[in-house]
file target-v7.tsv (TSV, C-alpha atoms)
chain	number	residue	atom	x	y	z
A	1	MET	CA	11.77	-4.00	9.55
A	2	ALA	CA	10.30	-0.97	11.30
A	3	THR	CA	10.55	2.36	9.51
A	4	ARG	CA	12.78	4.83	11.31
A	5	ARG	CA	10.87	7.79	12.72
A	6	LEU	CA	12.34	11.28	12.59
A	7	THR	CA	12.54	13.73	15.47
A	8	VAL	CA	9.94	16.46	14.88
A	9	GLN	CA	10.06	19.92	16.44
A	10	THR	CA	7.19	22.41	16.38
A	11	ASP	CA	7.32	26.21	16.48
A	12	LEU	CA	4.14	28.14	17.32
A	13	ALA	CA	3.29	31.73	16.49
A	14	PRO	CA	1.71	33.72	19.37
A	15	GLN	CA	-1.81	33.46	17.93
A	16	ALA	CA	-1.47	29.66	17.81
A	17	THR	CA	-0.32	29.10	21.42
A	18	LEU	CA	-2.68	28.14	24.20
A	19	ASP	CA	-2.05	31.36	26.13
A	20	GLY	CA	-1.57	33.51	23.01
A	21	THR	CA	1.20	35.57	24.60
A	22	ARG	CA	4.41	34.61	22.82
A	23	GLU	CA	6.03	32.41	20.25
A	24	GLY	CA	6.26	28.92	21.69
A	25	VAL	CA	8.21	25.75	21.05
A	26	LEU	CA	6.64	22.41	21.84
A	27	ALA	CA	8.37	19.86	24.03
A	28	GLY	CA	11.41	18.43	22.31
A	29	GLY	CA	12.25	21.79	20.75
A	30	GLN	CA	14.86	24.35	21.70
A	31	ALA	CA	16.60	24.19	25.04
A	32	GLY	CA	14.71	26.17	27.65
A	33	ALA	CA	11.33	25.88	25.95
A	34	ARG	CA	8.40	25.63	28.33
A	35	GLU	CA	7.07	22.09	28.31
A	36	GLU	CA	3.48	23.27	28.84
A	37	THR	CA	3.35	25.35	25.65
A	38	ARG	CA	0.58	23.87	23.53
A	39	PRO	CA	-1.27	24.86	20.38
A	40	ARG	CA	-4.74	26.31	20.72
A	41	GLY	CA	-7.50	23.77	20.29
A	42	VAL	CA	-8.38	24.97	16.80
A	43	TYR	CA	-4.85	24.13	15.63
A	44	GLU	CA	-4.11	21.05	17.71
A	45	PRO	CA	-5.64	18.37	15.42
A	46	VAL	CA	-3.84	19.78	12.37
A	47	VAL	CA	-0.56	20.05	14.28
A	48	ASP	CA	-0.91	16.40	15.31
A	49	GLN	CA	-1.55	15.26	11.72
A	50	CYS	CA	1.40	17.27	10.42
A	51	ARG	CA	3.69	15.96	13.16
A	52	GLU	CA	2.83	12.36	12.35
A	53	PHE	CA	3.34	13.06	8.64
A	54	LEU	CA	6.87	14.39	9.19
A	55	ALA	CA	7.79	11.73	11.75
A	56	ARG	CA	7.13	9.01	9.16
A	57	ASP	CA	10.03	10.39	7.09
A	58	SER	CA	7.79	11.63	4.29
A	59	GLY	CA	10.55	13.43	2.42
A	60	VAL	CA	9.29	16.82	3.65
A	61	HIS	CA	11.66	18.54	6.07
A	62	HIS	CA	9.85	21.77	6.96
A	63	LEU	CA	6.09	22.31	7.00
A	64	ALA	CA	4.38	25.60	7.85
A	65	HIS	CA	0.71	26.58	8.23
A	66	TYR	CA	-0.55	30.04	7.21
A	67	THR	CA	-3.85	31.88	7.51
A	68	GLY	CA	-4.27	34.90	5.27
A	69	GLY	CA	-0.55	34.73	4.52
A	70	ILE	CA	0.33	34.97	8.24
A	71	TRP	CA	2.36	32.16	9.79
A	72	ASP	CA	0.53	30.14	12.47
A	73	PHE	CA	2.84	27.22	13.20
A	74	ALA	CA	5.66	25.23	11.66
A	75	LEU	CA	7.02	21.74	12.13
A	76	HIS	CA	10.41	20.53	11.00
A	77	VAL	CA	12.93	17.71	11.17
A	78	LEU	CA	15.93	19.92	10.46
A	79	ALA	CA	17.69	18.84	13.67
A	80	ASP	CA	17.35	15.13	12.92
A	81	PRO	CA	20.78	13.57	12.23
A	82	ALA	CA	19.60	12.07	8.93
A	83	VAL	CA	18.52	15.49	7.68
A	84	ARG	CA	21.59	17.30	9.00
A	85	ALA	CA	23.70	14.80	7.07
A	86	LEU	CA	22.31	16.07	3.76
A	87	PRO	CA	24.98	18.09	1.90
A	88	GLY	CA	25.16	21.70	3.04
A	89	ARG	CA	22.30	21.41	5.54
A	90	ALA	CA	22.17	23.08	8.94
A	91	GLU	CA	19.53	23.99	11.49
A	92	GLY	CA	18.99	27.02	13.67
A	93	PRO	CA	16.44	29.71	14.59
A	94	ASP	CA	17.55	32.03	11.77
A	95	LEU	CA	17.25	29.30	9.16
A	96	ARG	CA	13.84	28.26	10.42
A	97	SER	CA	12.71	31.86	10.27
A	98	GLY	CA	13.98	32.00	6.70
A	99	TYR	CA	11.92	28.95	5.77
A	100	ARG	CA	8.81	30.53	7.24
A	101	GLN	CA	9.49	33.78	5.39
A	102	ALA	CA	9.99	31.85	2.15
A	103	GLY	CA	6.55	30.33	2.69
A	104	ARG	CA	4.98	33.77	3.09
A	105	MET	CA	6.67	35.04	-0.06
A	106	LEU	CA	5.59	31.94	-1.96
A	107	ILE	CA	1.97	32.50	-0.90
A	108	PHE	CA	2.19	36.09	-2.15
A	109	GLN	CA	3.39	34.92	-5.57
A	110	VAL	CA	0.77	32.15	-5.69
A	111	GLU	CA	-1.99	34.69	-5.08
A	112	ARG	CA	-0.67	36.93	-7.87
A	113	VAL	CA	-0.38	34.07	-10.35
A	114	GLY	CA	-3.75	32.68	-9.27
A	115	ASP	CA	-5.39	35.98	-10.18
A	116	TYR	CA	-3.56	35.96	-13.51
A	117	LEU	CA	-4.75	32.41	-14.32
A	118	ALA	CA	-8.38	33.20	-13.50
A	119	ASP	CA	-8.99	33.97	-17.18
A	120	LEU	CA	-8.51	30.26	-17.93
A	121	ARG	CA	-11.72	29.49	-16.01
A	122	SER	CA	-10.17	26.28	-14.73
A	123	GLY	CA	-10.78	26.97	-11.04
A	124	THR	CA	-8.55	28.34	-8.31
A	125	LEU	CA	-4.86	27.59	-7.91
A	126	VAL	CA	-4.76	24.87	-5.25
A	127	ARG	CA	-1.21	23.50	-5.53
A	128	THR	CA	2.05	25.08	-6.64
A	129	VAL	CA	5.41	23.34	-6.86
A	130	VAL	CA	8.69	25.24	-7.25
A	131	GLU	CA	11.74	23.05	-7.76
A	132	SER	CA	15.30	24.33	-7.93
A	133	GLY	CA	18.50	22.35	-8.04
A	134	ASP	CA	18.70	21.74	-4.30
A	135	CYS	CA	15.21	22.06	-2.83
A	136	VAL	CA	11.51	21.93	-3.58
A	137	ALA	CA	8.76	24.09	-2.10
A	138	VAL	CA	5.17	22.84	-2.34
A	139	TYR	CA	2.23	25.16	-1.65
A	140	VAL	CA	-1.13	23.51	-1.08
A	141	SER	CA	-4.45	25.14	-0.24
A	142	LEU	CA	-6.46	23.70	2.63
A	143	ARG	CA	-9.36	26.07	2.05
A	144	PRO	CA	-9.65	29.76	1.10
A	145	GLN	CA	-7.00	31.82	2.93
A	146	VAL	CA	-5.53	28.73	4.66
A	147	ALA	CA	-2.47	26.98	3.25
A	148	LEU	CA	0.42	24.66	4.03
A	149	VAL	CA	3.89	25.10	2.55
A	150	GLY	CA	6.21	22.12	2.65
A	151	ILE	CA	9.92	22.18	1.82
A	152	THR	CA	12.06	19.19	0.97
A	153	LEU	CA	15.84	19.47	0.93
A	154	ASP	CA	16.48	16.17	-0.85
A	155	PRO	CA	16.10	16.43	-4.66
A	156	ALA	CA	15.93	12.64	-4.90
A	157	ARG	CA	12.63	12.60	-2.97
A	158	VAL	CA	10.69	15.26	-4.88
A	159	TRP	CA	7.81	13.08	-6.07
A	160	GLU	CA	7.54	11.28	-2.74
A	161	ALA	CA	7.29	14.58	-0.85
A	162	ASP	CA	4.85	16.07	-3.35
A	163	ARG	CA	2.55	13.08	-3.24
A	164	GLY	CA	2.80	12.94	0.54
A	165	MET	CA	1.69	16.57	0.79
A	166	ALA	CA	-1.35	15.81	-1.37
A	167	GLU	CA	-2.29	12.89	0.88
A	168	LEU	CA	-1.79	15.00	4.01
A	169	ILE	CA	-4.09	17.71	2.68
A	170	ALA	CA	-6.73	15.13	1.74
A	171	GLY	CA	-6.63	13.79	5.31
A	172	ILE	CA	-6.94	17.24	6.88
A	173	ARG	CA	-9.82	18.20	4.58
A	174	GLU	CA	-11.60	14.95	5.39
A	175	ARG	CA	-11.46	15.84	9.09
A	176	VAL	CA	-13.49	19.00	8.42
A	177	ARG	CA	-15.80	17.30	5.91
A	178	LEU	CA	-14.29	18.88	2.81
A	179	PRO	CA	-13.90	16.82	-0.38
A	180	ASP	CA	-10.56	15.58	-1.66
A	181	GLU	CA	-9.49	17.80	-4.58
A	182	ASP	CA	-7.03	15.15	-5.83
A	183	LEU	CA	-4.10	17.54	-5.77
A	184	GLY	CA	-1.53	16.52	-8.35
A	185	GLY	CA	-3.78	13.79	-9.74
A	186	PHE	CA	-1.97	11.28	-7.51
A	187	ARG	CA	-5.11	9.43	-6.43
A	188	ARG	CA	-5.57	7.77	-9.81
A	189	ASN	CA	-1.85	6.96	-10.04
A	190	ALA	CA	-2.08	6.98	-13.83
A	191	VAL	CA	0.98	6.61	-16.03
A	192	PRO	CA	1.44	7.90	-19.59
A	193	ALA	CA	-0.11	5.40	-21.99
A	194	ALA	CA	0.72	4.86	-25.64
A	195	HIS	CA	-1.87	6.34	-27.98
A	196	ALA	CA	-2.46	6.83	-31.67
A	197	MET	CA	-1.61	10.18	-33.23
A	198	SER	CA	-4.54	12.50	-32.62
A	199	ALA	CA	-6.37	13.71	-35.72
A	200	ASP	CA	-7.28	16.99	-34.02
A	201	LEU	CA	-3.83	18.47	-33.50
A	202	LEU	CA	-2.95	22.08	-34.16
A	203	THR	CA	0.72	22.99	-34.60
A	204	VAL	CA	1.64	26.67	-34.49
A	205	TYR	CA	5.15	27.89	-35.35
A	206	GLY	CA	6.53	31.11	-33.93
A	207	ASP	CA	8.74	31.98	-36.91
A	208	ALA	CA	7.94	32.23	-40.60
A	209	GLY	CA	11.07	30.37	-41.68
A	210	VAL	CA	11.09	27.22	-39.56
A	211	ASP	CA	14.35	25.42	-38.86
A	212	PRO	CA	14.23	21.69	-39.78
A	213	VAL	CA	15.24	20.77	-36.22
A	214	ILE	CA	12.27	22.76	-34.89
A	215	ARG	CA	9.97	20.87	-37.25
A	216	ARG	CA	11.42	17.58	-36.04
A	217	ALA	CA	10.84	18.59	-32.42
A	218	ALA	CA	7.25	19.52	-33.28
A	219	ARG	CA	6.69	16.08	-34.84
A	220	ILE	CA	8.08	14.37	-31.74
A	221	THR	CA	5.78	16.49	-29.60
A	222	ALA	CA	2.76	15.73	-31.79
A	223	ALA	CA	3.24	12.02	-31.10
A	224	GLU	CA	2.85	12.66	-27.35
A	225	VAL	CA	0.12	15.31	-27.21
A	226	GLY	CA	-3.38	13.84	-27.17
A	227	PRO	CA	-6.70	13.74	-25.32
A	228	LEU	CA	-5.51	11.22	-22.70
A	229	ASP	CA	-3.31	13.49	-20.56
A	230	LEU	CA	-0.96	16.06	-22.14
A	231	HIS	CA	-3.21	18.43	-24.08
A	232	TYR	CA	-0.82	21.27	-24.94
A	233	LEU	CA	2.94	21.65	-25.21
A	234	ALA	CA	5.02	24.61	-26.37
A	235	TYR	CA	8.76	25.09	-26.78
A	236	TYR	CA	10.49	28.45	-26.30
A	237	ASP	CA	14.05	29.43	-27.19
A	238	ASP	CA	15.61	32.80	-26.33
A	239	PHE	CA	12.28	33.59	-24.62
A	240	SER	CA	10.43	33.31	-27.96
A	241	LEU	CA	7.86	30.73	-29.04
A	242	LYS	CA	9.28	28.24	-31.53
A	243	PHE	CA	6.20	26.02	-31.75
A	244	SER	CA	3.18	24.76	-29.87
A	245	VAL	CA	1.12	21.61	-30.38
A	246	ASP	CA	-2.31	21.05	-28.86
A	247	CYS	CA	-5.47	18.99	-29.17
A	248	LEU	CA	-7.81	21.48	-27.48
A	249	THR	CA	-10.47	21.04	-30.19
A	250	HIS	CA	-10.61	17.25	-29.81
A	251	PRO	CA	-14.22	16.06	-29.23
A	252	ASP	CA	-13.20	14.22	-26.06
A	253	LEU	CA	-12.25	17.57	-24.50
A	254	ALA	CA	-15.46	19.40	-25.38
A	255	ASP	CA	-16.74	19.32	-21.79
A	256	TYR	CA	-13.80	21.51	-20.72
A	257	PHE	CA	-14.94	24.34	-22.99
A	258	THR	CA	-18.49	25.13	-21.90
A	259	ASP	CA	-17.67	28.73	-20.95
A	260	ILE	CA	-14.40	29.44	-22.77
A	261	SER	CA	-13.16	28.70	-26.27
A	262	PRO	CA	-10.09	26.63	-27.18
A	263	GLU	CA	-8.69	29.73	-28.87
A	264	ALA	CA	-8.95	31.78	-25.67
A	265	ARG	CA	-7.22	29.12	-23.60
A	266	ARG	CA	-4.53	28.64	-26.24
A	267	ALA	CA	-3.82	32.37	-26.20
A	268	LYS	CA	-3.57	32.39	-22.40
A	269	TYR	CA	-1.17	29.45	-22.38
A	270	GLY	CA	0.92	31.41	-24.87
A	271	GLU	CA	0.99	34.34	-22.45
A	272	VAL	CA	2.22	32.03	-19.69
A	273	GLY	CA	5.03	30.88	-21.96
A	274	ASP	CA	5.94	34.46	-22.80
A	275	ARG	CA	6.08	35.28	-19.07
A	276	ALA	CA	8.21	32.28	-18.09
A	277	GLY	CA	11.25	34.47	-17.46
A	278	VAL	CA	9.20	36.65	-15.12
A	279	LEU	CA	7.82	33.57	-13.36
A	280	ALA	CA	11.34	32.23	-12.86
A	281	GLY	CA	12.39	35.52	-11.31
A	282	ASP	CA	9.32	35.88	-9.10
A	283	PHE	CA	9.31	32.34	-7.75
A	284	GLY	CA	13.09	32.23	-7.50
A	285	HIS	CA	12.91	35.38	-5.39
A	286	ALA	CA	10.19	33.83	-3.22
A	287	VAL	CA	12.35	30.84	-2.23
A	288	ARG	CA	15.72	32.61	-2.20
A	289	LEU	CA	15.99	32.19	1.59
A	290	VAL	CA	15.90	28.43	1.05
A	291	SER	CA	17.70	28.04	-2.27
A	292	ARG	CA	19.93	30.24	-4.40
A	293	SER	CA	19.50	28.01	-7.44
A	294	ARG	CA	17.19	29.20	-10.21
A	295	PRO	CA	13.89	27.32	-10.60
A	296	ARG	CA	13.84	24.50	-13.12
A	297	ARG	CA	10.30	23.20	-12.56
A	298	LEU	CA	7.04	24.97	-11.84
A	299	VAL	CA	3.63	23.34	-11.45
A	300	LEU	CA	0.51	25.50	-11.33
A	301	ASP	CA	-2.18	23.01	-10.34
A	302	VAL	CA	-5.65	24.51	-10.66
A	303	GLN	CA	-8.88	22.73	-9.78
A	304	GLN	CA	-9.27	21.54	-13.36
A	305	GLY	CA	-5.87	20.40	-14.59
A	306	ALA	CA	-2.47	22.07	-14.40
A	307	VAL	CA	0.07	24.20	-16.23
A	308	PHE	CA	3.69	23.02	-16.16
A	309	VAL	CA	6.86	24.98	-16.91
A	310	ARG	CA	10.19	23.21	-17.39
A	311	TRP	CA	13.27	25.39	-17.80
A	312	LEU	CA	15.89	23.62	-19.93
A	313	ASP	CA	18.31	26.48	-19.36
A	314	THR	CA	18.06	30.25	-19.26
A	315	GLY	CA	15.77	31.44	-22.04
A	316	ARG	CA	14.71	27.95	-23.12
A	317	HIS	CA	11.69	26.26	-21.62
A	318	LEU	CA	8.71	24.00	-22.17
A	319	VAL	CA	5.11	24.79	-21.22
A	320	GLY	CA	2.73	21.87	-20.86
A	321	VAL	CA	-0.96	21.70	-19.97
A	322	THR	CA	-3.52	19.13	-18.97
A	323	LEU	CA	-7.20	19.89	-18.44
A	324	ASP	CA	-7.91	16.64	-16.57
A	325	GLN	CA	-7.25	16.87	-12.83
A	326	SER	CA	-7.06	13.11	-12.45
A	327	MET	CA	-4.26	13.01	-15.06
A	328	VAL	CA	-2.03	15.79	-13.74
A	329	ALA	CA	0.70	13.41	-12.57
A	330	ALA	CA	0.51	11.37	-15.79
A	331	ALA	CA	0.77	14.50	-17.95
A	332	GLU	CA	3.76	15.71	-15.98
A	333	ARG	CA	5.48	12.35	-16.34
A	334	ARG	CA	4.91	12.48	-20.10
A	335	LEU	CA	6.41	15.97	-20.17
A	336	ASP	CA	9.43	14.70	-18.26
A	337	MET	CA	9.81	11.88	-20.78
A	338	LEU	CA	9.95	14.48	-23.56
A	339	ARG	CA	12.49	16.71	-21.85
A	340	PRO	CA	15.56	14.56	-22.69
A	341	ARG	CA	14.50	14.55	-26.35
A	342	PHE	CA	14.58	18.34	-26.38
A	343	GLU	CA	17.92	18.44	-24.60
A	344	GLU	CA	19.27	16.08	-27.26
A	345	LEU	CA	17.88	18.14	-30.15
A	346	PHE	CA	18.87	21.48	-28.63
A	347	PRO	CA	22.09	20.93	-26.64
A	348	LEU	CA	23.58	23.65	-24.49
A	349	PRO	CA	26.25	25.82	-26.11
A	350	ALA	CA	29.84	24.72	-25.46
A	351	GLY	CA	30.59	25.18	-21.79
A	352	GLY	CA	26.94	25.82	-21.02
A	353	VAL	CA	27.23	29.48	-21.99
A	354	VAL	CA	24.12	31.47	-21.13
A	355	PRO	CA	22.73	33.45	-24.11
A	356	PRO	CA	23.47	37.21	-24.03
A	357	GLY	CA	20.87	39.24	-22.18
A	358	ALA	CA	19.39	36.16	-20.54
A	359	LEU	CA	17.74	36.29	-17.14
A	360	THR	CA	19.88	35.55	-14.09
A	361	LEU	CA	18.60	35.21	-10.55
call {"tool": "encode", "arguments": {"input": "target-v7.tsv", "output": "structure tokens"}}
result
Amino acid sequence: MATRRLTVQTDLAPQATLDGTREGVLAGGQAGAREETRPRGVYEPVVDQCREFLARDSGVHHLAHYTGGIWDFALHVLADPAVRALPGRAEGPDLRSGYRQAGRMLIFQVERVGDYLADLRSGTLVRTVVESGDCVAVYVSLRPQVALVGITLDPARVWEADRGMAELIAGIRERVRLPDEDLGGFRRNAVPAAHAMSADLLTVYGDAGVDPVIRRAARITAAEVGPLDLHYLAYYDDFSLKFSVDCLTHPDLADYFTDISPEARRAKYGEVGDRAGVLAGDFGHAVRLVSRSRPRRLVLDVQQGAVFVRWLDTGRHLVGVTLDQSMVAAAERRLDMLRPRFEELFPLPAGGVVPPGALTL
């Protein structure tokens, strides 16, 4: 049975049009659009690849291209009946403009966080995923100063859209003879594998008097952290570290520490955990024109591994790390397998009451 193809519309910024005089809409777009409006030659191959990607029903519903943080063109399937049928979805010029603005704001936050993560010496930030309750925004770097931001409005298709974006970027980079950076570690398609308890684990508790439930959670975590994929995991409650477990000194990871010590990286990961409330506010603000829900998942995918943040509820979150780029997806899946265990050990207060003084977006 043939796969249904979606109706794709393309908006062009003035600098991306053939005549460079005004914002254009390609054929099939808004009523009254000039049929002859075309992207400039430098953009045309990328526009064609992005159009085909969306038409195949990739799970991405809006895709925008930026140079130096400035919008060049956007493609979307927001007017397609299947997309309009999603709960609470609509399409119009104002909404499309909001999506493009959200992309610009996301790029601004990515640049700030990328500078902050430079101390890890794990390479530049090449992929960022912000997931809220009703949408996901995926930032991916094509090359320095050039990026694509994809938005999916269907929470059930998050992984499909994320993986599709990685494959799209690999195809575009191949066209200009740039190597595939294996964004998200999807190329290997690894899954979390069972492993023996690592003998090189370090568990750090945030409080002197440790609650027995915290110790139990740390033991559960220790069984999952190891040199295969998930190399660090920390749990925070009321914005304070309760414990962290890592295997950063394991001999199999020695090659990742030629110019930085395990202690320095561990300290930086702790800073990320301490700043999780700020990150939630910053990235929630960036995508507020697309979603009013607070972020619940953040992926900071650098060239060598990734940092993951999972918000369990306001003030409580997990921070996970892998140093192996080919195992980013596997490490994130392992983290997601652990999340229900934490929700079981640390249930929400009755009625889901948010702790006093907690961050709200």
call {"tool": "closest_atom_pairs", "arguments": {"input": "target-v7.tsv", "of": "stretch 237-317 of chain A", "to": "stretch 114-127 of chain A", "cutoff": "6 Å", "atoms": "only C-alpha atoms", "output": "JSON lines"}}
result
{"residue": "A:Arg265", "atom": "CA", "partner": "A:Leu120", "partner_atom": "CA", "distance": 5.9}
{"residue": "A:Asp301", "atom": "CA", "partner": "A:Arg127", "partner_atom": "CA", "distance": 4.9}
{"residue": "A:Val302", "atom": "CA", "partner": "A:Leu125", "partner_atom": "CA", "distance": 4.2}
{"residue": "A:Gln303", "atom": "CA", "partner": "A:Gly123", "partner_atom": "CA", "distance": 4.8}
{"residue": "A:Gln304", "atom": "CA", "partner": "A:Ser122", "partner_atom": "CA", "distance": 5.0}
call {"tool": "closest_residue", "arguments": {"input": "target-v7.tsv", "among": "A:Pro179, A:Gly150, A:Gly184, A:Gly68", "to": "A:Ala166", "atoms": "all atoms listed in the file"}}
result
A:Gly184
call {"tool": "residues_around", "arguments": {"input": "target-v7.tsv", "residues": "A:Gly69", "least_positions_apart": "4", "cutoff": "9 Å", "atoms": "all atoms listed in the file", "output": "PyMOL selection string"}}
result
chain A and resi 103-105+107-108+145-147
call {"tool": "residues_around", "arguments": {"input": "target-v7.tsv", "residues": "A:Arg51", "least_positions_apart": "6", "cutoff": "9 Å", "atoms": "all atoms listed in the file", "output": "ChimeraX atom specification"}}
result
/A:8-10,75-76
call {"tool": "closest_residue", "arguments": {"input": "target-v7.tsv", "among": "A:Val113, A:Ala217, A:Met327, A:Leu338", "to": "A:Asn189", "atoms": "all atoms listed in the file"}}
result
A:Met327
call {"tool": "residues_around", "arguments": {"input": "target-v7.tsv", "residues": "A:His317", "least_positions_apart": "5", "cutoff": "9 Å", "atoms": "all atoms listed in the file", "output": "PyMOL selection string"}}
result
chain A and resi 234-239+273+276+296+309-312
call {"tool": "closest_residue", "arguments": {"input": "target-v7.tsv", "among": "A:Cys135, A:Arg334, A:Val290, A:Asp313", "to": "A:Gly98", "atoms": "all atoms listed in the file"}}
result
A:Val290
call {"tool": "atom_distance", "arguments": {"input": "target-v7.tsv", "atom1": "atom CA of A:Leu335", "atom2": "atom CA of A:Phe257"}}
result
23.1 Å
call {"tool": "residues_near_point", "arguments": {"input": "target-v7.tsv", "point": "(1.9, 19.5, -16.7)", "cutoff": "10 Å", "atoms": "only C-alpha atoms", "output": "count of residues only"}}
result
32
call {"tool": "axis_aligned_box", "arguments": {"input": "target-v7.tsv", "around": "stretch 332-343 of chain A", "padding_each_side": "3 Å", "output": "AutoDock Vina command-line options"}}
result
--center_x 10.8 --center_y 15.2 --center_z -21.2 --size_x 20.2 --size_y 12.6 --size_z 16.4
call {"tool": "residues_around", "arguments": {"input": "target-v7.tsv", "residues": "A:Glu344", "least_positions_apart": "2", "cutoff": "12 Å", "atoms": "all atoms listed in the file", "output": "PyMOL selection string"}}
result
chain A and resi 213+216-217+312+338-342+346-348
call {"tool": "atom_distance", "arguments": {"input": "target-v7.tsv", "atom1": "atom CA of A:Val110", "atom2": "atom CA of A:Leu228"}}
result
27.7 Å
call {"tool": "decode", "arguments": {"input": "target-v7.tsv", "residues": "stretch 288-294 of chain A", "atoms": "all heavy atoms", "output": "PDB file, in the first residue's frame"}}
result
ATOM      1  N   ARG A 288       7.647  29.139  23.614  1.00  0.00           N
ATOM      2  CA  ARG A 288       6.330  29.491  24.159  1.00  0.00           C
ATOM      3  C   ARG A 288       5.323  29.841  23.069  1.00  0.00           C
ATOM      4  O   ARG A 288       4.110  29.748  23.285  1.00  0.00           O
ATOM      5  CB  ARG A 288       6.460  30.649  25.140  1.00  0.00           C
ATOM      6  CG  ARG A 288       6.671  32.010  24.501  1.00  0.00           C
ATOM      7  CD  ARG A 288       6.951  33.090  25.539  1.00  0.00           C
ATOM      8  NE  ARG A 288       6.917  34.425  24.974  1.00  0.00           N
ATOM      9  CZ  ARG A 288       7.878  34.967  24.248  1.00  0.00           C
ATOM     10  NH1 ARG A 288       8.970  34.260  23.988  1.00  0.00           N
ATOM     11  NH2 ARG A 288       7.760  36.193  23.778  1.00  0.00           N
ATOM     12  N   LEU A 289       5.795  30.263  21.882  1.00  0.00           N
ATOM     13  CA  LEU A 289       4.875  30.575  20.791  1.00  0.00           C
ATOM     14  C   LEU A 289       4.327  29.312  20.135  1.00  0.00           C
ATOM     15  O   LEU A 289       3.402  29.382  19.330  1.00  0.00           O
ATOM     16  CB  LEU A 289       5.581  31.440  19.738  1.00  0.00           C
ATOM     17  CG  LEU A 289       6.018  32.829  20.221  1.00  0.00           C
ATOM     18  CD1 LEU A 289       6.793  33.556  19.130  1.00  0.00           C
ATOM     19  CD2 LEU A 289       4.811  33.655  20.649  1.00  0.00           C
ATOM     20  N   VAL A 290       4.903  28.172  20.478  1.00  0.00           N
ATOM     21  CA  VAL A 290       4.452  26.889  19.945  1.00  0.00           C
ATOM     22  C   VAL A 290       3.742  26.078  21.014  1.00  0.00           C
ATOM     23  O   VAL A 290       2.760  25.390  20.751  1.00  0.00           O
ATOM     24  CB  VAL A 290       5.648  26.086  19.384  1.00  0.00           C
ATOM     25  CG1 VAL A 290       5.188  24.748  18.826  1.00  0.00           C
ATOM     26  CG2 VAL A 290       6.376  26.891  18.316  1.00  0.00           C
ATOM     27  N   SER A 291       4.240  26.158  22.248  1.00  0.00           N
ATOM     28  CA  SER A 291       3.678  25.359  23.335  1.00  0.00           C
ATOM     29  C   SER A 291       3.733  26.143  24.637  1.00  0.00           C
ATOM     30  O   SER A 291       4.745  26.769  24.954  1.00  0.00           O
ATOM     31  CB  SER A 291       4.464  24.052  23.495  1.00  0.00           C
ATOM     32  OG  SER A 291       4.052  23.356  24.652  1.00  0.00           O
ATOM     33  N   ARG A 292       2.648  26.078  25.397  1.00  0.00           N
ATOM     34  CA  ARG A 292       2.606  26.702  26.711  1.00  0.00           C
ATOM     35  C   ARG A 292       2.954  25.713  27.822  1.00  0.00           C
ATOM     36  O   ARG A 292       3.019  26.088  28.991  1.00  0.00           O
ATOM     37  CB  ARG A 292       1.212  27.289  26.971  1.00  0.00           C
ATOM     38  CG  ARG A 292       0.907  28.517  26.121  1.00  0.00           C
ATOM     39  CD  ARG A 292       1.755  29.691  26.552  1.00  0.00           C
ATOM     40  NE  ARG A 292       1.472  30.894  25.782  1.00  0.00           N
ATOM     41  CZ  ARG A 292       2.031  32.074  26.010  1.00  0.00           C
ATOM     42  NH1 ARG A 292       2.916  32.194  26.975  1.00  0.00           N
ATOM     43  NH2 ARG A 292       1.736  33.119  25.265  1.00  0.00           N
ATOM     44  N   SER A 293       3.162  24.463  27.468  1.00  0.00           N
ATOM     45  CA  SER A 293       3.515  23.456  28.466  1.00  0.00           C
ATOM     46  C   SER A 293       4.986  23.588  28.840  1.00  0.00           C
ATOM     47  O   SER A 293       5.818  23.942  28.005  1.00  0.00           O
ATOM     48  CB  SER A 293       3.251  22.051  27.925  1.00  0.00           C
ATOM     49  OG  SER A 293       1.888  21.880  27.588  1.00  0.00           O
ATOM     50  N   ARG A 294       5.317  23.293  30.088  1.00  0.00           N
ATOM     51  CA  ARG A 294       6.716  23.373  30.505  1.00  0.00           C
ATOM     52  C   ARG A 294       7.498  22.206  29.916  1.00  0.00           C
ATOM     53  O   ARG A 294       6.955  21.113  29.707  1.00  0.00           O
ATOM     54  CB  ARG A 294       6.836  23.386  32.033  1.00  0.00           C
ATOM     55  CG  ARG A 294       6.311  22.156  32.719  1.00  0.00           C
ATOM     56  CD  ARG A 294       6.731  22.133  34.189  1.00  0.00           C
ATOM     57  NE  ARG A 294       6.330  23.320  34.897  1.00  0.00           N
ATOM     58  CZ  ARG A 294       5.185  23.461  35.541  1.00  0.00           C
ATOM     59  NH1 ARG A 294       4.298  22.477  35.515  1.00  0.00           N
ATOM     60  NH2 ARG A 294       4.908  24.557  36.197  1.00  0.00           N
TER      61      ARG A 294
END
